[in-house]
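**Q** My structure is below; once you've seen it, I'll send some questions.
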Amino acid sequence: MKVLYFTILLAITSVPSRCQFKNRVGKFDEVFAWKQLTFDINGIEVLEDRFSEDDLAGRDRRSTDNIYFDDKDNEEQKVWDKRPSLSSQQPVYNNPIDTPSSAPINPNDEIGRFFVQYNNVPMGAERVDDRVFITIPRRRYGIPATLNYIDLNLHGNSRSPPLSPYPDMERSRSLISVYRTRADECGRLWMVDTGVIEIPNNPQYLRPPAIVVYDLKTDKQILRYQFKSSDIPTNRTATGLASITVVIKNGDCSDAYAYVPDLQTFGLIVYSLRENDSWRHQHNYFHFNPTSGSLRVAGHSFMWNDGIFSVAAGQPGPDGCRPVYFHPMVSHQEFSVSSCELEKRQANETAFEVVGDRGTDSQSTMHDMHGASKVMFFAEVGRDSISCWNTDMPLRPDNMAMLARDSSKLSYPSDLHVTDNEVWVTSNTLPRFIFSRFNPNDYNFFVYKANVDNILAGTVCEGAKSDSSLYHNYGGYYNKNKYA
């Protein structure tokens with residue numbers, strides 16, 4: 001029997017399978033992990049640095065790498081006009097732009113290279129049906145595409161799959177730099193294109209920042225809304241447009257609002273699809289808390305001053321208004337305001353509420369709400385962790401639960417989103433990229449997922465109800481009974 005047992009064991013362990021490298025962090029399962037990113041571009045594997053895109057076809061090197069915009073008048077390069085019917089369209093603004101110049105380039109320099117593998121650091125990951133969208137903001141040169149995807153039908157069992165530019169290599173060049181995406185229930189993928197290549201001490205402003213939307217059924221761009229000058233106080237603002245939250249009103253796909261936090265110059269931009277217009281709100285709660293600015297992540301101690309970073313919307317009340325939660329990244333506090341206030345050009349400053357304090361070292365990048373359970377999930381950079389809070393309870397440390405924590409595999413959780421009944425998390429050890437260097441022989445980038453019901457079971461976040469007669473006031477708009 002012993003011989004038979006060991007024979008079977010040897011046979012099982014000798015067969016390559018996804019289970020061999022499937023790892024868990026707390027209650028989260030690893031979906032993908034990369035030492036360094038690779039690409040699949042038009043069926044050609046890009047596994048190492050390449051001077052130019054021409055190298056993919058074996059042609060001679062070019063003198064520079066171009067980010068270009070195709071002038072062809074095709075469907076994917078049109079935007080909606082201001083009419084609510086969205087029936088008329090006009091061409092997207094497009095011009096050829098060289099990056100960073102047309103001067104001859106030393107082949108050994110990063111400038112002008114099509115792919116510098118080390119510089120490709122994933123920031124966001126979002127699953128939509130059978131695709132996972134991966135964003136790589138252009139914080140350096142050598143990034144083939146800022147928006148990419150992984151086809152789960154092809155690579156669902158691969159630990160380190162290659163990325164494919166979205167929608168394809170040519171059309172992906174219409175985007176300069178995207179930090180994170182968000183899909184809505186109407187089959188559209190929303191993002192902010194900052195228009196900037198963020199070279200340290202030498203940023204390249206290539207295109208005005210804009211909201212961009214793709215139809216996921218056709219993979220065509222259907223909207224590019226350029227922010228107004230009143231939305232963007234300074235050039236520096238563009239690099240702070242790192243996330244977007246989308247809500248649909250009353251199930252009407254033509255009546256959508258997008259909330260775009262500005263972490264650099266401390267504002268919140270609201271965009272109305274129906275009106276095809278935008279406006280900016282200012283408030284003291286959008287600023288960072290200087291007493292929370294000291295962080296230690298990936299072995300590095302530093303001071304940051306990121307303001308409002310993430311917006312998460314709750315379920316609508318009977319009047320259609322939603323509680324909208326937000327926080328600066330450099331803060332331990334959570335704040336809220338009614339969506340009805342944000343829809344005004346001038347919000348009542350007293351309508352903004354302090355919800356509570358999450359506790360020491362709870363600085364958070366992204367957070368998102370699971371509508372059915374009314375539970376909020378936080379990606380905490382200060383603790384290398386993922387935590388939860390049931391919004392029916394007062395927000396304080398003893399009403400939160402830590403669901404996963406790991407100083408290596410959850411170092412700088414850069415994105416978190418809830419899709420269907422799953423929580424998806426991305427981590428990328430970003431401070432190491434900024435302040436020192438990655439070890440390309442280690443796994444540096446991770447994507448995790450977890451089932452909401454499984455991770456909440458047995459925690460303080462599960463089925464909690466507040467004893468208070470009042471929920472959050474939201475400037476007089478709401479009480480607890482309206483959310484019961």
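So you can find residues: chains in the structure tokens are A, B, ... in the order shown, residues in each start at 1, and ligands are numbered from 1 in order.
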Please identify all polymer residues within 7 Å of segment 207-221 of chain A, counting only C-alpha atoms, omitting same-chain residues fewer than 5 positions from it, and present them as a ChimeraX atom specification.
**A** /A:76-77,167,187-196,226-227,238
**Q** Just the selected residues (C-alpha atoms), exported as a compact mmCIF listing (two decimals), in the first residue's frame, please.
**A**
# COMPACT_ATOMS: atom_id res chain seq x y z
CA GLU A 76 -14.44 54.11 -32.77
CA GLN A 77 -13.04 57.64 -33.06
CA PRO A 167 -8.78 47.09 -28.17
CA GLY A 187 -21.62 47.34 -20.86
CA ARG A 188 -19.32 50.35 -20.99
CA LEU A 189 -15.75 50.74 -19.76
CA TRP A 190 -14.92 54.17 -18.28
CA MET A 191 -11.52 55.69 -17.57
CA VAL A 192 -9.62 58.95 -17.36
CA ASP A 193 -6.84 59.54 -19.85
CA THR A 194 -4.50 61.94 -18.04
CA GLY A 195 -2.74 62.82 -21.31
CA VAL A 196 0.62 62.93 -19.51
CA GLN A 226 -12.20 66.69 -22.62
CA PHE A 227 -12.30 68.34 -19.20
CA ALA A 238 -3.83 65.96 -14.68
**Q** Residues of segment 163-400 of chain A in alpha helix (DSSP H) according to DSSP, as a count of residues only?
**A** 12
**Q** If we count only C-alpha atoms and set the cut-off at 10 Å, which residues sit around Asp398 of chain A, ignoring sequence neighbours fewer than 6 positions away in its own chain? Please answer as a VMD selection string.
**A** chain A and resid 358 to 359 389 460
**Q** Of the residues A:Ile136, A:Ser52, A:Asn42, A:Val116, which is the one nearest to Met169 of chain A, using only C-alpha atoms?
**A**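 Of all the options, A:Asn42 lies closest to Met169 of chain A.
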**Q** Find the residue from A:Val418, A:Ile248, A:Leu154, A:Val270 that sits nearest to Glu185 of chain A; use only C-alpha atoms when measuring.
**A**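 Selected residue with least distance to Glu185 of chain A: A:Ile248.
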**Q** Quick one: of A:Met393, A:Val447, A:Ala404, A:Val354, who's nearest to Gly463 of chain A, counting only C-alpha atoms?
**A** A:Met393
**Q** Using DSSP on the backbone, list every residue of segment 311-353 of chain A that comes out as strand (DSSP E), and give them as a ChimeraX atom specification.
**A** /A:311-313,323-328,333-338,353
**Q** Excluding Arg432 of chain A and any residue of its chain fewer than 4 positions from it, enumerate the residues within 10 Å of it, using only C-alpha atoms, and give them as a PyMOL selection string.
**A** chain A and resi 297-300+411-412+428+436-439+444
**Q** May I have the selected residues written with C-alpha atoms, as a PDB file, in the first residue's frame?
**A**
ATOM      1  CA  VAL A 297       5.752  50.438   2.547  1.00  0.00           C
ATOM      2  CA  ALA A 298       7.979  47.827   0.877  1.00  0.00           C
ATOM      3  CA  GLY A 299      10.766  48.621   3.321  1.00  0.00           C
ATOM      4  CA  HIS A 300      10.777  52.345   2.544  1.00  0.00           C
ATOM      5  CA  SER A 411       2.608  45.580  -0.612  1.00  0.00           C
ATOM      6  CA  TYR A 412       0.866  48.690  -1.920  1.00  0.00           C
ATOM      7  CA  ASN A 428       2.365  46.309  -7.172  1.00  0.00           C
ATOM      8  CA  SER A 436      14.769  51.955  -5.151  1.00  0.00           C
ATOM      9  CA  ARG A 437      14.486  49.033  -7.589  1.00  0.00           C
ATOM     10  CA  PHE A 438      12.445  45.894  -8.085  1.00  0.00           C
ATOM     11  CA  ASN A 439      14.183  42.559  -8.077  1.00  0.00           C
ATOM     12  CA  ASN A 444       6.434  41.895  -7.847  1.00  0.00           C
TER      13      ASN A 444
END
**Q** Neighbouring residues of segment 251-256 of chain A were defined as those with any atom within 9 Å, considering only C-alpha atoms; residues of the same chain fewer than 2 positions away were excluded. Please report them as a ChimeraX atom specification.
**A** /A:84-86,184-186,246-249,258,271-275
**Q** Taking only C-alpha atoms into account, which of A:Met123, A:Leu295, A:Ile199, A:Leu206 comes nearest Ile176 of chain A?
**A**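 The answer is A:Leu206, which sits nearest to Ile176 of chain A.
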**Q** Neighbours of Ser364 of chain A within 10 Å (only C-alpha atoms; same-chain residues fewer than 4 positions away dropped), as an MDAnalysis selection string?
**A** chainID A and resid 309:310 327:334 358 378:387 412:415
**Q** Write the residues of the preceding selection, restricted to C-alpha atoms, as a PDB file, in the first residue's frame.
**A**
ATOM      1  CA  PHE A 309      -8.233  59.281  -3.855  1.00  0.00           C
ATOM      2  CA  SER A 310     -11.278  57.044  -4.065  1.00  0.00           C
ATOM      3  CA  HIS A 327     -11.336  59.570   1.523  1.00  0.00           C
ATOM      4  CA  PRO A 328      -7.944  61.122   0.910  1.00  0.00           C
ATOM      5  CA  MET A 329      -5.240  58.496   0.620  1.00  0.00           C
ATOM      6  CA  VAL A 330      -3.222  60.282   3.312  1.00  0.00           C
ATOM      7  CA  SER A 331      -5.875  60.067   5.999  1.00  0.00           C
ATOM      8  CA  HIS A 332      -7.457  57.574   8.385  1.00  0.00           C
ATOM      9  CA  GLN A 333     -10.906  59.097   8.057  1.00  0.00           C
ATOM     10  CA  GLU A 334     -13.856  58.416   5.796  1.00  0.00           C
ATOM     11  CA  ARG A 358     -10.652  53.561  10.371  1.00  0.00           C
ATOM     12  CA  PHE A 378     -10.676  48.980   1.625  1.00  0.00           C
ATOM     13  CA  ALA A 379      -7.235  48.512   0.047  1.00  0.00           C
ATOM     14  CA  GLU A 380      -4.960  49.699   2.858  1.00  0.00           C
ATOM     15  CA  VAL A 381      -1.449  50.733   1.856  1.00  0.00           C
ATOM     16  CA  GLY A 382      -0.574  51.660   5.428  1.00  0.00           C
ATOM     17  CA  ARG A 383      -1.062  48.085   6.658  1.00  0.00           C
ATOM     18  CA  ASP A 384      -0.488  46.063   3.457  1.00  0.00           C
ATOM     19  CA  SER A 385      -3.982  44.747   3.937  1.00  0.00           C
ATOM     20  CA  ILE A 386      -7.597  44.443   2.811  1.00  0.00           C
ATOM     21  CA  SER A 387     -10.293  45.274   5.316  1.00  0.00           C
ATOM     22  CA  TYR A 412       0.866  48.690  -1.920  1.00  0.00           C
ATOM     23  CA  PRO A 413      -2.579  47.360  -2.872  1.00  0.00           C
ATOM     24  CA  SER A 414      -3.168  49.772  -5.745  1.00  0.00           C
ATOM     25  CA  ASP A 415      -6.665  48.810  -6.870  1.00  0.00           C
TER      26      ASP A 415
END
**Q** For Arg50 of chain A, work out the shell of residues within 7 Å, counting only C-alpha atoms and skipping chain neighbours fewer than 2 positions away, then give it as a list of chain:residue names.
**A**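 My list of contacting residues is A:Glu48, A:Ser52, A:Asp55, A:Arg113, A:Phe114, A:Phe115, A:Val116.
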**Q** State, in Å with one decimal place, the distance from atom CA of Phe446 of chain A to atom CA of Thr429 of chain A.
**A**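 It comes out at 9.3 Å.
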**Q** Between A:Phe445, A:Tyr285, A:Trp304, A:Tyr225, which one has atoms that come closest to Phe326 of chain A, using only C-alpha atoms?
**A** A:Tyr285
**Q** Smallest atom-to-atom distance to Gly124 of chain A: which of A:Met366, A:Asp406, A:Thr234, A:Ile143, using only C-alpha atoms?
**A**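 Closest residue, counting only C-alpha atoms: A:Met366.
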**Q** Record the distance separating atom CA of His287 of chain A and atom CA of His417 of chain A, expressed in Å with one decimal.
**A**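 These two atoms are separated by 23.2 Å.
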